[in-house]
file query20.pdb (PDB, C-alpha atoms)
ATOM      1  CA  MET A 298     -58.311 143.891  -1.481
ATOM      2  CA  LYS A 299     -54.923 142.848  -0.142
ATOM      3  CA  LYS A 300     -54.508 141.684   3.433
ATOM      4  CA  ILE A 301     -52.397 144.739   4.273
ATOM      5  CA  ASN A 302     -55.348 146.957   3.290
ATOM      6  CA  THR A 303     -57.888 145.299   5.603
ATOM      7  CA  ILE A 304     -58.951 146.042   9.156
ATOM      8  CA  LYS A 305     -59.846 142.924  11.125
ATOM      9  CA  PRO A 306     -59.627 143.350  14.922
ATOM     10  CA  HIS A 307     -62.896 144.310  16.573
ATOM     11  CA  ARG A 308     -61.172 146.873  18.819
ATOM     12  CA  GLU A 309     -59.938 148.772  15.736
ATOM     13  CA  PHE A 310     -63.485 148.798  14.326
ATOM     14  CA  ASP A 311     -64.774 150.190  17.633
ATOM     15  CA  LEU A 312     -62.037 152.832  17.824
ATOM     16  CA  ILE A 313     -62.717 154.122  14.303
ATOM     17  CA  ILE A 314     -66.509 154.037  14.687
ATOM     18  CA  ASN A 315     -66.475 155.783  18.078
ATOM     19  CA  HIS A 316     -63.798 158.416  17.377
ATOM     20  CA  GLY A 317     -63.782 158.817  13.595
ATOM     21  CA  VAL A 318     -65.580 161.156  11.224
ATOM     22  CA  LYS A 319     -68.946 159.856   9.997
ATOM     23  CA  LEU A 320     -70.437 160.210   6.517
ATOM     24  CA  ARG A 321     -73.796 158.758   5.502
ATOM     25  CA  SER A 322     -75.676 157.943   2.353
ATOM     26  CA  ASN A 323     -78.780 155.887   1.629
ATOM     27  CA  HIS A 324     -77.033 152.503   1.646
ATOM     28  CA  PHE A 325     -73.695 153.157   3.396
ATOM     29  CA  ALA A 326     -72.278 154.731   6.517
ATOM     30  CA  CYS A 327     -68.543 155.458   6.420
ATOM     31  CA  PHE A 328     -66.340 156.143   9.414
ATOM     32  CA  TYR A 329     -62.751 157.221   8.921
ATOM     33  CA  MET A 330     -59.717 158.397  10.850
ATOM     34  CA  PRO A 331     -56.360 159.663   9.631
ATOM     35  CA  SER A 332     -53.597 157.092   9.762
ATOM     36  CA  ASP A 333     -49.819 157.280   9.665
ATOM     37  CA  THR A 334     -49.388 154.096   7.609
ATOM     38  CA  GLY A 335     -49.190 155.860   4.241
ATOM     39  CA  TYR A 336     -51.939 153.737   2.691
ATOM     40  CA  THR A 337     -55.652 153.080   3.107
ATOM     41  CA  ARG A 338     -56.975 150.333   5.372
ATOM     42  CA  ILE A 339     -60.613 149.294   4.959
ATOM     43  CA  GLY A 340     -63.021 147.263   7.066
ATOM     44  CA  LEU A 341     -66.501 146.161   6.010
ATOM     45  CA  ALA A 342     -69.454 145.630   8.338
ATOM     46  CA  VAL A 343     -72.705 143.994   7.267
ATOM     47  CA  GLY A 344     -75.322 143.470   9.962
ATOM     48  CA  LYS A 345     -77.728 140.579  10.365
ATOM     49  CA  ALA A 346     -80.579 142.837   9.269
ATOM     50  CA  ASN A 347     -79.155 142.511   5.734
ATOM     51  CA  GLY A 348     -80.102 138.814   5.623
ATOM     52  CA  GLY A 349     -78.535 135.446   6.244
ATOM     53  CA  ALA A 350     -74.846 134.598   6.074
ATOM     54  CA  VAL A 351     -74.903 133.838   2.347
ATOM     55  CA  SER A 352     -76.557 137.160   1.594
ATOM     56  CA  ARG A 353     -74.114 139.101   3.794
ATOM     57  CA  VAL A 354     -71.101 137.451   2.159
ATOM     58  CA  ARG A 355     -72.490 138.327  -1.272
ATOM     59  CA  ILE A 356     -72.898 141.966  -0.220
ATOM     60  CA  LYS A 357     -69.316 142.076   1.073
ATOM     61  CA  ARG A 358     -68.075 140.643  -2.229
ATOM     62  CA  GLN A 359     -69.965 143.305  -4.148
ATOM     63  CA  VAL A 360     -68.558 146.122  -2.032
ATOM     64  CA  ARG A 361     -65.010 144.715  -2.276
ATOM     65  CA  SER A 362     -65.459 144.631  -6.053
ATOM     66  CA  MET A 363     -66.528 148.287  -6.053
ATOM     67  CA  ILE A 364     -63.446 149.210  -4.020
ATOM     68  CA  ALA A 365     -61.143 147.144  -6.257
ATOM     69  CA  LYS A 366     -62.462 148.891  -9.383
ATOM     70  CA  ARG A 367     -61.594 152.220  -7.840
ATOM     71  CA  ASN A 368     -58.069 150.972  -6.975
ATOM     72  CA  ASP A 369     -57.153 153.991  -4.835
ATOM     73  CA  TYR A 370     -55.229 153.031  -1.698
ATOM     74  CA  THR A 371     -52.925 156.069  -1.618
ATOM     75  CA  LEU A 372     -54.888 158.064   0.967
ATOM     76  CA  SER A 373     -53.592 157.508   4.502
ATOM     77  CA  VAL A 374     -56.835 156.727   6.377
ATOM     78  CA  ASN A 375     -58.462 153.890   8.254
ATOM     79  CA  LEU A 376     -61.967 153.436   6.868
ATOM     80  CA  ILE A 377     -64.944 151.388   8.044
ATOM     81  CA  ILE A 378     -67.794 150.944   5.566
ATOM     82  CA  VAL A 379     -71.060 149.871   7.180
ATOM     83  CA  ILE A 380     -73.605 148.519   4.716
ATOM     84  CA  ARG A 381     -77.045 149.592   5.847
ATOM     85  CA  PRO A 382     -80.059 147.212   5.914
ATOM     86  CA  ASN A 383     -81.778 148.872   2.940
ATOM     87  CA  TYR A 384     -78.876 147.935   0.603
ATOM     88  CA  GLN A 385     -80.222 146.451  -2.641
ATOM     89  CA  LYS A 386     -77.960 143.754  -4.123
ATOM     90  CA  ALA A 387     -79.587 144.061  -7.543
ATOM     91  CA  GLU A 388     -78.727 147.767  -7.932
ATOM     92  CA  PHE A 389     -74.952 147.342  -8.279
ATOM     93  CA  GLN A 390     -74.328 150.371 -10.548
ATOM     94  CA  GLU A 391     -76.270 152.802  -8.350
ATOM     95  CA  ASN A 392     -74.620 151.464  -5.196
ATOM     96  CA  GLU A 393     -71.192 151.814  -6.797
ATOM     97  CA  LEU A 394     -71.840 155.449  -7.715
ATOM     98  CA  GLU A 395     -73.067 156.145  -4.195
ATOM     99  CA  LEU A 396     -69.999 154.545  -2.588
ATOM    100  CA  ASN A 397     -67.636 156.368  -4.965
ATOM    101  CA  ALA A 398     -69.288 159.675  -4.041
ATOM    102  CA  LEU A 399     -68.650 158.966  -0.347
ATOM    103  CA  LEU A 400     -65.034 157.978  -1.024
ATOM    104  CA  ASP A 401     -64.533 161.171  -3.056
ATOM    105  CA  GLN A 402     -65.895 163.183  -0.125
ATOM    106  CA  ILE A 403     -63.412 161.508   2.218
ATOM    107  CA  LYS A 404     -60.577 162.241  -0.219
ATOM    108  CA  GLU A 405     -61.569 165.926  -0.362
ATOM    109  CA  ASN A 406     -61.764 166.174   3.433
ATOM    110  CA  GLU A 407     -58.330 164.630   3.930
ATOM    111  CA  HIS A 408     -56.464 166.770   1.393
TER     112      HIS A 408
END
call {"tool": "encode", "arguments": {"input": "query20.pdb", "output": "structure tokens"}}
result
Amino acid sequence: MKKINTIKPHREFDLIINHGVKLRSNHFACFYMPSDTGYTRIGLAVGKANGGAVSRVRIKRQVRSMIAKRNDYTLSVNLIIVIRPNYQKAEFQENELELNALLDQIKENEH
């Protein structure tokens, strides 16, 4: 994920989570808001309930890899992906399908 496609400031996370549309699945919660940038911006949140720092970084890497495979930054939204505590690192394929289904739902809602 390129730097231009990331959301970093905590206040932006709060704004999107508090005022955005929420979608849930077993392992993810997605919050999104329309944006006027012309491209997608994504932020990832992994809580301490998911394990120690090493484990959380590994989860973020996996999710970034799933997003990179999809390679679809054309939708003009700001998106926060919260990885829920029951996320299983070993089930990469199933998690990828689940995340792609959520992203497809967002794409349908925004078009």
call {"tool": "closest_residue", "arguments": {"input": "query20.pdb", "among": "A:Val343, A:Leu372, A:Ala350, A:His316", "to": "Leu400 of chain A", "atoms": "all atoms listed in the file"}}
result
A:Leu372
call {"tool": "resolve_selection", "arguments": {"input": "query20.pdb", "expression": "the PyMOL selection byres ((chain A and resi 368-370) around 12)", "output": "PDB file with C-alpha atoms, keeping the file's coordinate frame"}}
result
ATOM      1  CA  MET A 298     -58.311 143.891  -1.481  1.00  0.00           C
ATOM      2  CA  LYS A 299     -54.923 142.848  -0.142  1.00  0.00           C
ATOM      3  CA  ILE A 301     -52.397 144.739   4.273  1.00  0.00           C
ATOM      4  CA  ASN A 302     -55.348 146.957   3.290  1.00  0.00           C
ATOM      5  CA  THR A 303     -57.888 145.299   5.603  1.00  0.00           C
ATOM      6  CA  THR A 334     -49.388 154.096   7.609  1.00  0.00           C
ATOM      7  CA  GLY A 335     -49.190 155.860   4.241  1.00  0.00           C
ATOM      8  CA  TYR A 336     -51.939 153.737   2.691  1.00  0.00           C
ATOM      9  CA  THR A 337     -55.652 153.080   3.107  1.00  0.00           C
ATOM     10  CA  ARG A 338     -56.975 150.333   5.372  1.00  0.00           C
ATOM     11  CA  ILE A 339     -60.613 149.294   4.959  1.00  0.00           C
ATOM     12  CA  ARG A 361     -65.010 144.715  -2.276  1.00  0.00           C
ATOM     13  CA  SER A 362     -65.459 144.631  -6.053  1.00  0.00           C
ATOM     14  CA  MET A 363     -66.528 148.287  -6.053  1.00  0.00           C
ATOM     15  CA  ILE A 364     -63.446 149.210  -4.020  1.00  0.00           C
ATOM     16  CA  ALA A 365     -61.143 147.144  -6.257  1.00  0.00           C
ATOM     17  CA  LYS A 366     -62.462 148.891  -9.383  1.00  0.00           C
ATOM     18  CA  ARG A 367     -61.594 152.220  -7.840  1.00  0.00           C
ATOM     19  CA  THR A 371     -52.925 156.069  -1.618  1.00  0.00           C
ATOM     20  CA  LEU A 372     -54.888 158.064   0.967  1.00  0.00           C
ATOM     21  CA  SER A 373     -53.592 157.508   4.502  1.00  0.00           C
ATOM     22  CA  VAL A 374     -56.835 156.727   6.377  1.00  0.00           C
ATOM     23  CA  ASN A 375     -58.462 153.890   8.254  1.00  0.00           C
ATOM     24  CA  LEU A 376     -61.967 153.436   6.868  1.00  0.00           C
ATOM     25  CA  ASN A 397     -67.636 156.368  -4.965  1.00  0.00           C
ATOM     26  CA  LEU A 400     -65.034 157.978  -1.024  1.00  0.00           C
ATOM     27  CA  ASP A 401     -64.533 161.171  -3.056  1.00  0.00           C
ATOM     28  CA  LYS A 404     -60.577 162.241  -0.219  1.00  0.00           C
TER      29      LYS A 404
END
call {"tool": "closest_residue", "arguments": {"input": "query20.pdb", "among": "A:Ile380, A:Met330, A:Ile314, A:Ile304", "to": "Asn392 of chain A", "atoms": "all atoms listed in the file"}}
result
A:Ile380
call {"tool": "residues_around", "arguments": {"input": "query20.pdb", "residues": "His324 of chain A", "least_positions_apart": "3", "cutoff": "10 Å", "atoms": "all atoms listed in the file", "output": "VMD selection string"}}
result
chain A and resid 321 379 to 385 392 395 to 396
call {"tool": "closest_residue", "arguments": {"input": "query20.pdb", "among": "A:Cys327, A:Val351, A:Leu394, A:Ile356", "to": "Ile313 of chain A", "atoms": "all atoms listed in the file"}}
result
A:Cys327
call {"tool": "closest_residue", "arguments": {"input": "query20.pdb", "among": "A:Pro306, A:Ile377, A:Phe325, A:Gln359", "to": "Gly340 of chain A", "atoms": "only C-alpha atoms"}}
result
A:Ile377
call {"tool": "closest_residue", "arguments": {"input": "query20.pdb", "among": "A:Gly317, A:Lys345, A:Lys386, A:Glu309", "to": "Pro331 of chain A", "atoms": "only C-alpha atoms"}}
result
A:Gly317
call {"tool": "atom_distance", "arguments": {"input": "query20.pdb", "atom1": "atom CA of Ala342 of chain A", "atom2": "atom CA of Ile378 of chain A"}}
result
6.2 Å
call {"tool": "closest_residue", "arguments": {"input": "query20.pdb", "among": "A:Lys300, A:Lys357, A:Gly348, A:Gln402", "to": "Phe328 of chain A", "atoms": "all atoms listed in the file"}}
result
A:Gln402
call {"tool": "atom_distance", "arguments": {"input": "query20.pdb", "atom1": "atom CA of Ala346 of chain A", "atom2": "atom CA of Asp311 of chain A"}}
result
19.3 Å
